[in-house]
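Reviewing the structure listed below.
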Amino acid sequence: MRILVVEDEKDLSDVIKKGLEEEGFVVDTVSDGQQAVNFAWDNEYDIIILDLMLPVKNGMEALKEIREYGINTAILILTAKDMVEDKIKGLNNGADDYLTKPFAFGELVARVRALLRRGIEENNNQLMTGDLVIDTVNHKVSRGGIEIPLTVKEYAVLEYLTRNRGQVLSRTQIEEHVWDYRYGNTSNIVDVYIRYLRQKIDNDFEPKLIETVHGRGYRIKVIENET
């Protein structure tokens with residue numbers, strides 16, 4: 001999943017980015033409120049982690065503007081402002097969660113995962129389609145009860161497809177979601193990883209789950225009567 005971290009303290013921003021990437025997330029970072037609005041408008045994120053005390057445009061202004069644009073990305077405020085009034089204002093302006101500094105990184109990750117589960121049909125932190133099961137906490141994948149080892153990027157592509165199962169995702173959407181905005185590569189990287197995934201989760205199983213929609217992109221098949 002792709003996360004935007006908006007934090008003007010570079011050392012803290014770097015720590016959050018590194019930690020989240022070790023958890024398997026794709027992370028972009030910006031350092032002011034106007035950049036936050038611009039990036040939220042130009043890119044598709046699953047979560048925005050937003051500081052409030054930012055230069056150019058403060059976090060509360062950025063939050064309000066993002067919501068005014070109709071962007072529904074989950075937003076977690078991460079700030080040193082710990083007054084109840086600040087929390088109420090942030091939540092009333094459209095934030096989904098509020099965490100104060102200093103914070104335990106484990107709690108940040110837990111809150112991020114909780115936000116990701118909202119509005120998505122998951123069972124005990126699992127995504128399922130047919131006999132394909134994805135453990136979204138431990139990043140484990142199995143099919144027909146057989147565990148299938150995946151690399152970090154293979155897992156990221158598969159989870160993104162599965163969270164949007166039934167929907168056609170373009171190569172550009174997949175590339176921008178799984179590789180951060182600095183990647184800027186127009187190669188066939190998405191096709192390569194789709195091929196890797198097919199070799200691992202489709203070749204030895206039926207029915208085939210990864211579908212190519214010619215001229216449009218890829219999708220994960222929705223299996224009828226899935227549980």
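We label chains A, B, ... in the order they appear in the structure tokens, count residues from 1 in each chain, and number ligands from 1 in the order shown.
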
For this session: Can you check which residues of range 51-221 of chain A DSSP gives as alpha helix (DSSP H) on the backbone and send them as a ChimeraX atom specification?
Result: /A:59-68,84-92,105-117,152-163,171-178,189-197

Exercise. Tell me, which residues of range 84-170 of chain A carry DSSP strand (DSSP E or B), written as a list in words?
Worked result: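 Here are the strand (DSSP E or B) residues of range 84-170 of chain A: Asp97, Tyr98, Leu99, Thr100, Gln126, Leu127, Met128, Thr129, Leu132, Val133, Ile134, Asp135, Lys140, Val141, Ser142, Arg143, Ile146, Glu147 and Leu169 of chain A.
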
Problem set entry | range 191-205 of chain A environment, 7 Å, only C-alpha atoms, sequence neighbours closer than 2 positions dropped, as a list in words |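 Contacts, with the query itself left out: Arg143, Ile148, Glu154, Asn188, Ile189, Pro207, Lys208, Leu209 and Ile210 of chain A.
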
If we count only C-alpha atoms, what is near Ile66 in chain A at a cut-off of 8 Å, once residues fewer than 4 positions away on the same chain are taken out, given as a PDB file with C-alpha atoms, in the first residue's frame?
ATOM      1  CA  VAL A  37      -2.318  19.036  -1.046  1.00  0.00           C
ATOM      2  CA  ALA A  40      -2.780  14.114  -2.589  1.00  0.00           C
ATOM      3  CA  TRP A  41      -4.365  15.576  -5.708  1.00  0.00           C
ATOM      4  CA  ALA A  62      -4.046  21.204   4.168  1.00  0.00           C
ATOM      5  CA  GLY A  70     -13.304  15.447  -2.480  1.00  0.00           C
ATOM      6  CA  ILE A  71     -10.244  13.316  -1.763  1.00  0.00           C
TER       7      ILE A  71
END

Exercise. Could you pull the residues within 12 Å of range 110-116 of chain A, counting only C-alpha atoms, minus those fewer than 6 positions along the same chain, as a PyMOL selection string?
Worked result: chain A and resi 1-5+20+23-25+45-49+73-78+95-99+103-104+122+124-127+135-139+159-160+163

Problem set entry | A:Glu176, A:Arg165, A:Asp131, A:Glu107 ranked by distance to Asp42 in chain A, top pick (using only C-alpha atoms) |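 For Asp42 in chain A, the nearest of the given residues is A:Glu176.
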
Problem set entry | One-decimal distance in Å that lies between CA of Lys81 in chain A and CA of Gly19 in chain A |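 Atom-to-atom, CA of Gly19 in chain A and CA of Lys81 in chain A are spaced 22.6 Å apart.
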